[in-house]
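Next comes final.csv, with CSV, C-alpha atoms.
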chain,number,residue,atom,x,y,z
A,1,MET,CA,133.3,52.0,-30.0
A,2,PRO,CA,134.2,51.7,-26.3
A,3,GLU,CA,131.5,52.9,-23.9
A,4,PHE,CA,131.7,53.2,-20.2
A,5,LEU,CA,128.8,53.1,-17.8
A,6,GLY,CA,128.9,55.2,-14.6
A,7,ILE,CA,126.5,55.2,-11.6
A,8,ASP,CA,126.3,57.7,-8.8
A,9,THR,CA,123.7,57.6,-6.0
A,10,SER,CA,124.3,60.6,-3.8
A,11,ASN,CA,122.1,61.9,-1.0
A,12,TYR,CA,120.6,64.3,-3.5
A,13,THR,CA,120.4,62.7,-7.0
A,14,THR,CA,120.1,59.4,-8.8
A,15,SER,CA,122.5,59.6,-11.7
A,16,THR,CA,123.6,57.4,-14.6
A,17,ALA,CA,125.9,58.2,-17.5
A,18,ILE,CA,127.7,56.7,-20.4
A,19,TYR,CA,131.1,58.0,-21.6
A,20,ILE,CA,131.6,57.3,-25.3
A,21,SER,CA,135.4,57.5,-25.4
A,22,GLU,CA,136.0,57.8,-29.1
A,23,GLU,CA,133.7,60.8,-29.4
A,24,ASN,CA,134.6,62.2,-25.9
A,25,ARG,CA,130.8,62.5,-25.4
A,26,ILE,CA,128.6,62.0,-22.3
A,27,VAL,CA,125.0,60.7,-22.3
A,28,GLN,CA,123.4,60.9,-18.9
A,29,GLN,CA,120.1,60.6,-17.1
A,30,LYS,CA,119.5,61.9,-13.6
A,31,ARG,CA,116.8,62.8,-11.2
A,32,LEU,CA,116.7,64.6,-7.9
A,33,LEU,CA,115.5,62.7,-4.9
A,34,PRO,CA,112.1,64.0,-3.6
A,35,VAL,CA,112.4,66.2,-0.6
A,36,LYS,CA,109.4,67.3,1.5
A,37,GLU,CA,108.7,71.0,1.4
A,38,GLY,CA,110.7,72.9,4.1
A,39,ALA,CA,113.0,70.0,4.7
A,40,LEU,CA,116.8,70.2,4.6
A,41,GLY,CA,117.6,67.1,2.6
A,42,LEU,CA,116.8,63.4,3.4
A,43,ARG,CA,117.5,60.8,6.0
A,44,GLN,CA,119.8,58.1,4.6
A,45,SER,CA,117.0,55.4,4.9
A,46,ASP,CA,114.7,57.6,2.7
A,47,ALA,CA,117.5,58.3,0.2
A,48,VAL,CA,118.2,54.5,-0.2
A,49,PHE,CA,114.4,53.9,-0.8
A,50,HIS,CA,114.2,56.6,-3.4
A,51,HIS,CA,117.3,55.4,-5.2
A,52,THR,CA,115.9,51.9,-5.3
A,53,VAL,CA,112.8,53.2,-7.1
A,54,GLN,CA,114.6,55.7,-9.4
A,55,LEU,CA,117.7,53.8,-10.4
A,56,PRO,CA,116.0,51.3,-12.7
A,57,GLU,CA,114.1,54.2,-14.3
A,58,MET,CA,117.3,56.1,-15.0
A,59,ILE,CA,118.9,53.0,-16.5
A,60,GLU,CA,115.9,52.3,-18.7
A,61,LEU,CA,116.0,55.9,-20.0
A,62,LEU,CA,119.7,55.7,-20.6
A,63,ALA,CA,119.4,52.4,-22.5
A,64,GLN,CA,117.2,54.2,-25.0
A,65,GLU,CA,120.0,56.5,-25.9
A,66,ARG,CA,122.8,54.0,-26.6
A,67,ALA,CA,123.8,51.7,-29.4
A,68,GLU,CA,123.7,47.9,-28.9
A,69,GLY,CA,126.7,46.2,-27.6
A,70,LYS,CA,128.7,45.5,-24.4
A,71,PHE,CA,130.1,48.2,-22.1
A,72,ALA,CA,133.9,48.1,-21.8
A,73,ALA,CA,133.5,48.6,-18.0
A,74,VAL,CA,131.1,49.8,-15.3
A,75,SER,CA,132.0,52.2,-12.5
A,76,ALA,CA,130.2,53.5,-9.4
A,77,SER,CA,130.7,55.9,-6.6
A,78,ALA,CA,131.1,53.8,-3.4
A,79,ARG,CA,131.8,56.5,-0.8
A,80,PRO,CA,131.7,60.3,-0.4
A,81,ARG,CA,135.5,60.7,-0.3
A,82,ASN,CA,138.6,58.6,-0.7
A,83,ILE,CA,139.6,58.8,3.0
A,84,ALA,CA,139.3,56.3,5.8
A,85,GLY,CA,135.9,56.0,7.3
A,86,SER,CA,134.1,57.9,4.5
A,87,TYR,CA,130.7,56.1,4.2
A,88,MET,CA,127.1,56.8,3.4
A,89,PRO,CA,124.5,54.0,2.9
A,90,CYS,CA,123.0,55.7,-0.2
A,91,PHE,CA,126.1,54.8,-2.3
A,92,LEU,CA,125.4,51.1,-1.8
A,93,CYS,CA,122.5,51.4,-4.2
A,94,GLY,CA,124.7,52.3,-7.2
A,95,GLU,CA,127.6,50.2,-6.2
A,96,SER,CA,125.4,47.1,-5.8
A,97,LEU,CA,123.9,47.5,-9.2
A,98,ALA,CA,127.3,48.1,-10.8
A,99,ARG,CA,128.8,45.1,-9.1
A,100,SER,CA,125.9,42.9,-10.2
A,101,TYR,CA,126.0,44.1,-13.8
A,102,ALA,CA,129.7,43.7,-14.0
A,103,ALA,CA,129.4,40.1,-12.8
A,104,LEU,CA,126.7,39.2,-15.3
A,105,GLU,CA,128.4,40.8,-18.3
A,106,GLN,CA,131.9,39.7,-17.1
A,107,ILE,CA,133.3,43.2,-17.5
A,108,PRO,CA,135.6,45.1,-15.1
A,109,LEU,CA,134.1,47.0,-12.2
A,110,TYR,CA,135.7,50.2,-10.9
A,111,THR,CA,134.7,52.1,-7.8
A,112,THR,CA,135.8,55.5,-6.6
A,113,SER,CA,134.5,58.4,-4.5
A,114,HIS,CA,131.7,60.8,-5.2
A,115,GLN,CA,134.3,63.6,-4.8
A,116,VAL,CA,136.5,62.2,-7.6
A,117,GLY,CA,133.5,62.0,-9.8
A,118,HIS,CA,132.8,65.7,-9.2
A,119,ILE,CA,136.3,66.7,-10.0
A,120,LEU,CA,136.5,64.6,-13.2
A,121,ALA,CA,133.1,65.9,-14.4
A,122,ALA,CA,134.5,69.5,-13.9
A,123,LEU,CA,137.6,68.7,-15.9
A,124,TYR,CA,135.5,67.2,-18.7
A,125,SER,CA,133.1,70.0,-18.7
A,126,ALA,CA,135.9,72.6,-18.9
A,127,ASP,CA,137.6,70.7,-21.6
A,128,CYS,CA,140.8,70.1,-19.6
A,129,LEU,CA,140.7,66.4,-18.8
A,130,GLU,CA,144.5,66.3,-19.5
A,131,LEU,CA,145.0,67.9,-16.1
A,132,VAL,CA,144.8,64.5,-14.6
A,133,ASN,CA,148.4,64.1,-15.6
A,134,GLU,CA,149.7,67.0,-13.6
A,135,PRO,CA,149.2,68.7,-10.2
A,136,PHE,CA,146.3,71.1,-9.7
A,137,ILE,CA,144.2,72.7,-7.0
A,138,ALA,CA,140.5,71.7,-6.9
A,139,PHE,CA,137.6,72.9,-4.9
A,140,HIS,CA,134.6,70.6,-4.2
A,141,VAL,CA,131.9,72.9,-2.8
A,142,SER,CA,128.5,71.4,-2.1
A,143,GLY,CA,126.1,70.5,0.7
A,144,GLY,CA,128.4,67.9,2.0
A,145,THR,CA,131.8,69.4,1.5
A,146,THR,CA,133.7,72.7,1.3
A,147,ASP,CA,137.0,71.2,0.4
A,148,CYS,CA,140.2,72.7,-1.1
A,149,LEU,CA,142.3,69.9,-2.5
A,150,LEU,CA,145.6,69.1,-4.0
A,151,CYS,CA,145.1,66.7,-6.9
A,152,GLU,CA,148.0,64.8,-8.4
A,153,SER,CA,148.4,62.1,-11.0
A,154,ASP,CA,148.3,58.6,-9.5
A,155,GLY,CA,148.8,55.4,-11.4
A,156,GLU,CA,146.5,53.4,-9.2
A,157,GLU,CA,143.6,55.7,-8.3
A,158,VAL,CA,143.7,58.1,-11.3
A,159,LEU,CA,143.8,61.0,-8.9
A,160,LYS,CA,145.6,61.2,-5.6
A,161,ILE,CA,143.8,63.8,-3.5
A,162,SER,CA,145.2,65.5,-0.4
A,163,GLU,CA,143.2,68.0,1.7
A,164,ILE,CA,144.6,71.5,1.8
A,165,ALA,CA,141.7,73.1,3.7
A,166,THR,CA,138.0,72.5,4.6
A,167,SER,CA,135.1,73.8,6.6
A,168,LEU,CA,135.3,73.4,10.3
A,169,ASP,CA,131.6,73.5,10.8
A,170,LEU,CA,128.8,74.3,8.2
A,171,ASN,CA,129.4,73.5,4.5
A,172,ALA,CA,128.7,76.1,1.9
A,173,GLY,CA,125.8,74.3,0.3
A,174,GLN,CA,124.2,73.9,3.8
A,175,ALA,CA,124.5,77.6,4.3
A,176,VAL,CA,122.9,78.3,0.9
A,177,ASP,CA,120.0,75.9,1.6
A,178,ARG,CA,119.4,77.2,5.2
A,179,ALA,CA,119.3,80.8,4.0
A,180,GLY,CA,117.1,79.8,1.1
A,181,LEU,CA,114.5,77.9,3.2
A,182,MET,CA,114.5,80.9,5.6
A,183,LEU,CA,113.5,83.0,2.6
A,184,GLY,CA,110.8,80.6,1.5
A,185,LEU,CA,112.7,79.0,-1.4
A,186,LYS,CA,112.4,75.3,-2.4
A,187,PHE,CA,115.2,72.9,-1.6
A,188,PRO,CA,117.8,72.7,-3.1
A,189,CYS,CA,117.9,76.5,-3.0
A,190,GLY,CA,121.1,77.5,-4.9
A,191,ALA,CA,119.6,78.5,-8.2
A,192,GLU,CA,116.7,80.5,-6.7
A,193,LEU,CA,119.0,82.2,-4.1
A,194,GLU,CA,121.2,83.4,-7.0
A,195,LYS,CA,118.2,84.8,-8.8
A,196,LEU,CA,117.3,86.7,-5.7
A,197,ALA,CA,120.8,88.0,-5.1
A,198,VAL,CA,121.2,89.5,-8.6
A,199,ARG,CA,118.3,91.8,-7.8
A,200,ALA,CA,119.9,93.1,-4.6
A,201,ASP,CA,120.1,96.9,-4.1
A,202,ARG,CA,122.4,96.8,-1.1
A,203,HIS,CA,125.5,94.9,-0.3
A,204,PHE,CA,127.1,94.4,3.2
A,205,LYS,CA,130.7,94.2,4.1
A,206,VAL,CA,131.6,90.6,4.7
A,207,LYS,CA,134.5,89.2,6.7
A,208,PRO,CA,135.4,85.5,6.1
A,209,ALA,CA,136.4,83.5,9.2
A,210,LEU,CA,139.5,81.3,8.5
A,211,LYS,CA,142.0,79.4,10.5
A,212,ASN,CA,145.0,78.0,8.8
A,213,GLY,CA,143.1,78.0,5.5
A,214,ASN,CA,140.1,76.2,7.0
A,215,CYS,CA,136.8,78.2,7.0
A,216,CYS,CA,133.9,78.6,9.5
A,217,LEU,CA,130.5,79.3,7.9
A,218,SER,CA,128.1,78.6,10.9
A,219,GLY,CA,127.6,82.3,11.4
A,220,VAL,CA,125.9,82.8,8.0
A,221,GLU,CA,122.6,81.3,9.1
A,222,ASN,CA,122.4,83.4,12.3
A,223,LYS,CA,123.3,86.6,10.4
A,224,CYS,CA,120.7,86.0,7.7
A,225,ALA,CA,118.1,85.3,10.4
A,226,LYS,CA,118.9,88.6,12.1
A,227,MET,CA,118.7,90.5,8.8
A,228,LEU,CA,115.3,88.9,8.1
A,229,GLU,CA,114.0,89.8,11.5
A,230,SER,CA,115.1,93.4,11.1
A,231,GLY,CA,113.1,93.7,7.8
A,232,GLU,CA,116.0,93.5,5.3
A,233,LYS,CA,114.9,92.6,1.8
A,234,PRO,CA,115.2,89.0,0.8
A,235,GLU,CA,117.3,90.0,-2.2
A,236,ASN,CA,119.9,91.7,0.0
A,237,ILE,CA,120.0,88.7,2.4
A,238,ALA,CA,120.6,86.4,-0.5
A,239,ALA,CA,123.4,88.7,-1.7
A,240,TYR,CA,125.0,88.7,1.7
A,241,CYS,CA,125.0,84.9,1.9
A,242,LEU,CA,126.6,84.4,-1.5
A,243,ASP,CA,129.1,87.3,-1.0
A,244,LEU,CA,130.3,85.7,2.2
A,245,ILE,CA,130.6,82.3,0.7
A,246,GLY,CA,132.4,83.8,-2.4
A,247,GLU,CA,134.9,85.7,-0.3
A,248,THR,CA,135.5,82.7,1.9
A,249,ILE,CA,136.4,80.6,-1.2
A,250,LEU,CA,138.6,83.4,-2.4
A,251,LYS,CA,140.6,83.4,0.9
A,252,MET,CA,140.9,79.6,0.8
A,253,THR,CA,142.2,79.9,-2.7
A,254,GLU,CA,144.7,82.5,-1.7
A,255,TYR,CA,145.9,80.2,1.1
A,256,ALA,CA,146.3,77.2,-1.3
A,257,VAL,CA,148.2,79.3,-4.0
A,258,GLU,CA,150.5,80.7,-1.4
A,259,LYS,CA,151.3,77.2,-0.1
A,260,TYR,CA,151.6,75.3,-3.4
A,261,GLY,CA,152.2,78.0,-6.0
A,262,ARG,CA,150.1,79.0,-9.0
A,263,LEU,CA,148.8,75.6,-10.1
A,264,PRO,CA,145.7,75.3,-12.3
A,265,LEU,CA,142.5,76.0,-10.4
A,266,VAL,CA,139.4,73.7,-10.8
A,267,PHE,CA,136.1,74.4,-9.2
A,268,ALA,CA,133.5,71.6,-8.8
A,269,GLY,CA,130.3,71.0,-6.9
A,270,GLY,CA,126.8,72.5,-6.9
A,271,VAL,CA,127.7,75.7,-5.2
A,272,MET,CA,130.3,76.5,-7.8
A,273,SER,CA,127.6,76.7,-10.5
A,274,ASP,CA,126.7,80.1,-9.0
A,275,ARG,CA,127.7,82.7,-11.5
A,276,LEU,CA,128.1,85.5,-8.8
A,277,ILE,CA,130.7,83.4,-6.9
A,278,ARG,CA,132.3,82.4,-10.2
A,279,ASP,CA,132.7,86.0,-11.3
A,280,MET,CA,134.3,86.9,-7.9
A,281,ILE,CA,136.9,84.2,-8.4
A,282,THR,CA,137.7,85.0,-12.1
A,283,ALA,CA,138.0,88.7,-11.2
A,284,LYS,CA,140.7,87.8,-8.6
A,285,PHE,CA,142.6,84.9,-10.2
A,286,GLY,CA,141.8,85.2,-13.9
A,287,ARG,CA,141.5,82.0,-15.8
A,288,ALA,CA,140.2,79.1,-13.8
A,289,HIS,CA,138.3,75.9,-14.8
A,290,PHE,CA,134.6,75.6,-13.9
A,291,ALA,CA,132.1,72.9,-14.7
A,292,GLU,CA,128.9,73.9,-16.5
A,293,PRO,CA,125.8,73.8,-14.2
A,294,ARG,CA,124.7,70.3,-15.4
A,295,TYR,CA,128.2,68.9,-14.5
A,296,SER,CA,128.5,71.0,-11.3
A,297,CYS,CA,125.6,69.4,-9.4
A,298,ASP,CA,125.6,65.7,-8.6
A,299,ASN,CA,126.1,63.6,-11.7
A,300,ALA,CA,127.5,60.3,-12.9
A,301,ALA,CA,129.5,61.8,-15.8
A,302,GLY,CA,132.8,61.9,-13.9
A,303,ILE,CA,132.2,58.4,-12.6
A,304,ALA,CA,131.9,57.1,-16.1
A,305,ILE,CA,135.0,58.9,-17.1
A,306,TYR,CA,136.8,57.4,-14.1
A,307,GLY,CA,136.0,54.0,-15.5
A,308,TYR,CA,137.5,55.0,-18.8
A,309,LEU,CA,140.7,56.3,-17.2
A,310,LYS,CA,141.1,53.2,-15.0
A,311,HIS,CA,140.5,51.0,-18.0
A,312,ARG,CA,143.1,52.8,-20.0
A,313,GLN,CA,145.7,52.1,-17.2
A,314,ARG,CA,145.3,48.3,-17.7
Starting from the file, lay out its structure as structure tokens.
Amino acid sequence: MPEFLGIDTSNYTTSTAIYISEENRIVQQKRLLPVKEGALGLRQSDAVFHHTVQLPEMIELLAQERAEGKFAAVSASARPRNIAGSYMPCFLCGESLARSYAALEQIPLYTTSHQVGHILAALYSADCLELVNEPFIAFHVSGGTTDCLLCESDGEEVLKISEIATSLDLNAGQAVDRAGLMLGLKFPCGAELEKLAVRADRHFKVKPALKNGNCCLSGVENKCAKMLESGEKPENIAAYCLDLIGETILKMTEYAVEKYGRLPLVFAGGVMSDRLIRDMITAKFGRAHFAEPRYSCDNAAGIAIYGYLKHRQR
């Protein structure tokens, strides 16, 4: 049966995946890049080194879970987003391996963006992959992006993505990690910050800062620092941080819906695995499509599916 190999080497995770098309099933192996305690992520040179070490290990583990035979195609994330000038050296690791493998096996190679991979992984996880054939609004919310996007069917790139709104300064995932490290949590801090927030006994009024749908989140870090200095409980600081991010995404969603109408809503990226934020969105907009946590954080599942969809266009 046709199988499609996907590789994603982001600044956080080494990821490999196989999409078994006839079963609509994903097999994946991934590992976070090691980050020193107290650090906010990695330098690109360090990320490239760790991917070089981890990528063969992930491929070896993945090979143990597949049947013998030849892949129909291999795909890789080659850039953060499908826009001019979007580049990060860490993506060269996965792209180089995919290119070499495709040449040796004489199979097609497809490359796309890390962002497209996130959106396709969310669609797969939410069992709505058919949305690639119609317009929808997607959010990609992580350490590197806080993007509200119009996604449309495209015969060449699978998805044509146009930016509706974004962050003008700090990204949501950065705000989460900075607040988390301030509270003594381990990077990446999202899951632990959520655990703290659910134990909050006090919530504060939050006021998102938006301009033409674009958000500003740089004030979150300073506000959390002031709360900590004044003796506020860590649980309440965590709740404030997530409440503000959640309300910000709500306002950005309202802006997009007002501009483009009530299109299907899809939420991808590590920050969107937070159930508190998810509950805020569903309470306001009802049915929306969210990725499960394992498909919200960086993964190669959507990249493997991209290869399948591109191959199907041939």
ask   = Residues around (119.6, 55.5, -7.8), cut-off 7 Å, counting all atoms listed in the file - what are they as a ChimeraX atom specification?
value = /A:9,14-15,51-52,54-55,93-94
Could you write out the selected residues, including C-alpha atoms, as a compact mmCIF listing (two decimals), keeping the file's coordinate frame?
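Final output, saved to again_28.txt:
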# COMPACT_ATOMS: atom_id res chain seq x y z
CA THR A 9 123.70 57.60 -6.00
CA THR A 14 120.10 59.40 -8.80
CA SER A 15 122.50 59.60 -11.70
CA HIS A 51 117.30 55.40 -5.20
CA THR A 52 115.90 51.90 -5.30
CA GLN A 54 114.60 55.70 -9.40
CA LEU A 55 117.70 53.80 -10.40
CA CYS A 93 122.50 51.40 -4.20
CA GLY A 94 124.70 52.30 -7.20
Would you tabulate, counting all atoms listed in the file, all residues of stretch 130-242 of chain A that have an atom at most 10 Å from an atom of stretch 285-307 of chain A, showing the closest pair of atoms and their distance in Å to one decimal, sorted by chain then ascending number, as a Markdown table?
| residue | atom | partner | partner_atom | distance |
| --- | --- | --- | --- | --- |
| A:Ala138 | CA | A:His289 | CA | 9.2 |
| A:Phe139 | CA | A:Phe290 | CA | 9.9 |
| A:His140 | CA | A:Ser296 | CA | 9.4 |
| A:Val141 | CA | A:Ser296 | CA | 9.3 |
| A:Ser142 | CA | A:Cys297 | CA | 8.1 |
| A:Glu157 | CA | A:Tyr306 | CA | 9.1 |
| A:Val158 | CA | A:Tyr306 | CA | 7.5 |
| A:Leu159 | CA | A:Tyr306 | CA | 9.4 |
| A:Ala191 | CA | A:Pro293 | CA | 9.8 |
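The coordinates place atom CA of A:Val116 at 21.1 Å from atom CA of A:Gln44.
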key: Nearest to A:Glu60 by atom-to-atom distance, counting all atoms listed in the file, from A:Ser45, A:Gln29, A:Ser113, A:Asn212   =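 Result for the nearest residue to A:Glu60: A:Gln29.
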key: Shortest interatomic distance to A:Thr248 - which of A:Asp127, A:Asp147, A:Glu229, A:Glu163, counting only C-alpha atoms   = A:Asp147
ask   = Which residues come within 9 Å of A:Leu131, counting only C-alpha atoms, excluding same-chain residues fewer than 4 positions away, as a list in words?
value = Leu123, Pro135, Phe136, Glu152, Ser153 and Pro264 of chain A
ask   = How far is it from atom CA of A:Leu61 to atom CA of A:Gly6, in Å with one decimal?
value = 14.0 Å
message = Need the shell around A:Leu244: protein/DNA/RNA residues with any atom at most 10 Å away, counting all atoms listed in the file. Skip same-chain ones fewer than 2 positions apart. Format as a list in words?
response =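 Contacts, in chain order: Ala172, Phe204, Lys205, Val206, Lys207, Pro208, Ala209, Leu217, Val220, Ala239, Tyr240, Cys241, Leu242, Gly246, Glu247, Thr248, Ile249, Leu250 and Ile277 of chain A.
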ask   = Near A:Asp201, counting all atoms listed in the file, which residues have an atom at most 10 Å away, once you skip same-chain residues fewer than 3 positions from it, shown as a VMD selection string?
value = chain A and resid 197 to 198 233 235 to 236 239
ask   = Of the candidates A:Ala175, A:Ala98, A:Ile59, A:Leu185, which shows the shortest atom-to-atom distance to A:Asn222, using all atoms listed in the file?
value = A:Ala175
Determine, using all atoms listed in the file, which residues of stretch 99-206 of chain A have any atom at most 8 Å from an atom of stretch 251-256 of chain A, and tabulate each with its shortest atom pair and distance in Å to one decimal place, rows ordered by chain and then rising number, as a tab-separated table.
residue	atom	partner	partner_atom	distance
A:Ile137	CA	A:Ala256	CA	7.6
A:Cys148	CA	A:Met252	CA	7.2
A:Ile164	CA	A:Ala256	CA	6.7
A:Ala165	CA	A:Met252	CA	7.2
Considering only C-alpha atoms, return as a PDB file with C-alpha atoms, in the coordinates of the input whatever protein or nucleic-acid residues lie within 8 Å of A:His50, sequence-local ones (same chain, fewer than 3 positions apart) excluded.
ATOM      1  CA  LEU A  33     115.500  62.700  -4.900  1.00  0.00           C
ATOM      2  CA  PRO A  34     112.100  64.000  -3.600  1.00  0.00           C
ATOM      3  CA  ASP A  46     114.700  57.600   2.700  1.00  0.00           C
ATOM      4  CA  ALA A  47     117.500  58.300   0.200  1.00  0.00           C
ATOM      5  CA  VAL A  53     112.800  53.200  -7.100  1.00  0.00           C
ATOM      6  CA  GLN A  54     114.600  55.700  -9.400  1.00  0.00           C
TER       7      GLN A  54
END
key: Which residue of A:Lys186, A:Gly173, A:Arg66, A:Pro80 approaches A:Ile20 most closely, using all atoms listed in the file   = A:Arg66
ask   = A:Tyr101: which residues within 12 Å, counting only C-alpha atoms, same-chain residues fewer than 2 positions away excluded, as a list of chain:residue names?
value =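 Listed by chain and then number, they are A:Leu5, A:Gly6, A:Ile7, A:Ile59, A:Lys70, A:Phe71, A:Ala72, A:Ala73, A:Val74, A:Ser75, A:Ala76, A:Gly94, A:Glu95, A:Ser96, A:Leu97, A:Ala98, A:Arg99, A:Ala103, A:Leu104, A:Glu105, A:Gln106, A:Ile107, A:Pro108, A:Leu109, A:Tyr110.
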Calculate, to one decimal in Å, the centre and edge lengths of the box along x, y and z of the file that holds all listed atoms of stretch 116-129 of chain A with 8 Å of margin on each side, and present them as AutoDock Vina command-line options.
--center_x 136.8 --center_y 67.3 --center_z -14.6 --size_x 24.0 --size_y 26.6 --size_z 30.0
Can you take the partial stretch 150-166 of chain A, add N, CA and C atoms, and return it as a JSON list (two decimals), keeping the file's coordinate frame?
[["chain", "number", "residue", "atom", "x", "y", "z"],
["A", 150, "LEU", "N", 144.51, 69.31, -3.07],
["A", 150, "LEU", "CA", 145.60, 69.10, -4.00],
["A", 150, "LEU", "C", 145.44, 67.83, -4.72],
["A", 151, "CYS", "N", 145.35, 67.91, -6.04],
["A", 151, "CYS", "CA", 145.10, 66.70, -6.90],
["A", 151, "CYS", "C", 146.38, 66.44, -7.68],
["A", 152, "GLU", "N", 146.82, 65.17, -7.65],
["A", 152, "GLU", "CA", 148.00, 64.80, -8.40],
["A", 152, "GLU", "C", 147.77, 63.49, -9.13],
["A", 153, "SER", "N", 148.53, 63.31, -10.22],
["A", 153, "SER", "CA", 148.40, 62.10, -11.00],
["A", 153, "SER", "C", 148.79, 60.89, -10.16],
["A", 154, "ASP", "N", 148.01, 59.82, -10.34],
["A", 154, "ASP", "CA", 148.30, 58.60, -9.50],
["A", 154, "ASP", "C", 147.99, 57.40, -10.41],
["A", 155, "GLY", "N", 148.97, 56.51, -10.50],
["A", 155, "GLY", "CA", 148.80, 55.40, -11.40],
["A", 155, "GLY", "C", 147.83, 54.35, -10.95],
["A", 156, "GLU", "N", 147.40, 54.41, -9.69],
["A", 156, "GLU", "CA", 146.50, 53.40, -9.20],
["A", 156, "GLU", "C", 145.04, 53.97, -9.08],
["A", 157, "GLU", "N", 144.90, 55.20, -8.55],
["A", 157, "GLU", "CA", 143.60, 55.70, -8.30],
["A", 157, "GLU", "C", 143.15, 56.85, -9.30],
["A", 158, "VAL", "N", 143.92, 57.05, -10.35],
["A", 158, "VAL", "CA", 143.70, 58.10, -11.30],
["A", 158, "VAL", "C", 144.08, 59.46, -10.72],
["A", 159, "LEU", "N", 143.44, 59.80, -9.58],
["A", 159, "LEU", "CA", 143.80, 61.00, -8.90],
["A", 159, "LEU", "C", 144.12, 60.75, -7.44],
["A", 160, "LYS", "N", 145.25, 61.25, -7.01],
["A", 160, "LYS", "CA", 145.60, 61.20, -5.60],
["A", 160, "LYS", "C", 145.19, 62.58, -5.02],
["A", 161, "ILE", "N", 144.33, 62.56, -4.01],
["A", 161, "ILE", "CA", 143.80, 63.80, -3.50],
["A", 161, "ILE", "C", 144.23, 63.98, -2.02],
["A", 162, "SER", "N", 144.77, 65.16, -1.75],
["A", 162, "SER", "CA", 145.20, 65.50, -0.40],
["A", 162, "SER", "C", 144.45, 66.79, 0.02],
["A", 163, "GLU", "N", 143.94, 66.80, 1.22],
["A", 163, "GLU", "CA", 143.20, 68.00, 1.70],
["A", 163, "GLU", "C", 144.14, 69.11, 2.04],
["A", 164, "ILE", "N", 143.84, 70.28, 1.50],
["A", 164, "ILE", "CA", 144.60, 71.50, 1.80],
["A", 164, "ILE", "C", 143.83, 72.24, 2.95],
["A", 165, "ALA", "N", 142.52, 72.37, 2.77],
["A", 165, "ALA", "CA", 141.70, 73.10, 3.70],
["A", 165, "ALA", "C", 140.25, 72.63, 3.56],
["A", 166, "THR", "N", 139.44, 72.88, 4.60],
["A", 166, "THR", "CA", 138.00, 72.50, 4.60],
["A", 166, "THR", "C", 137.22, 73.36, 5.49]]
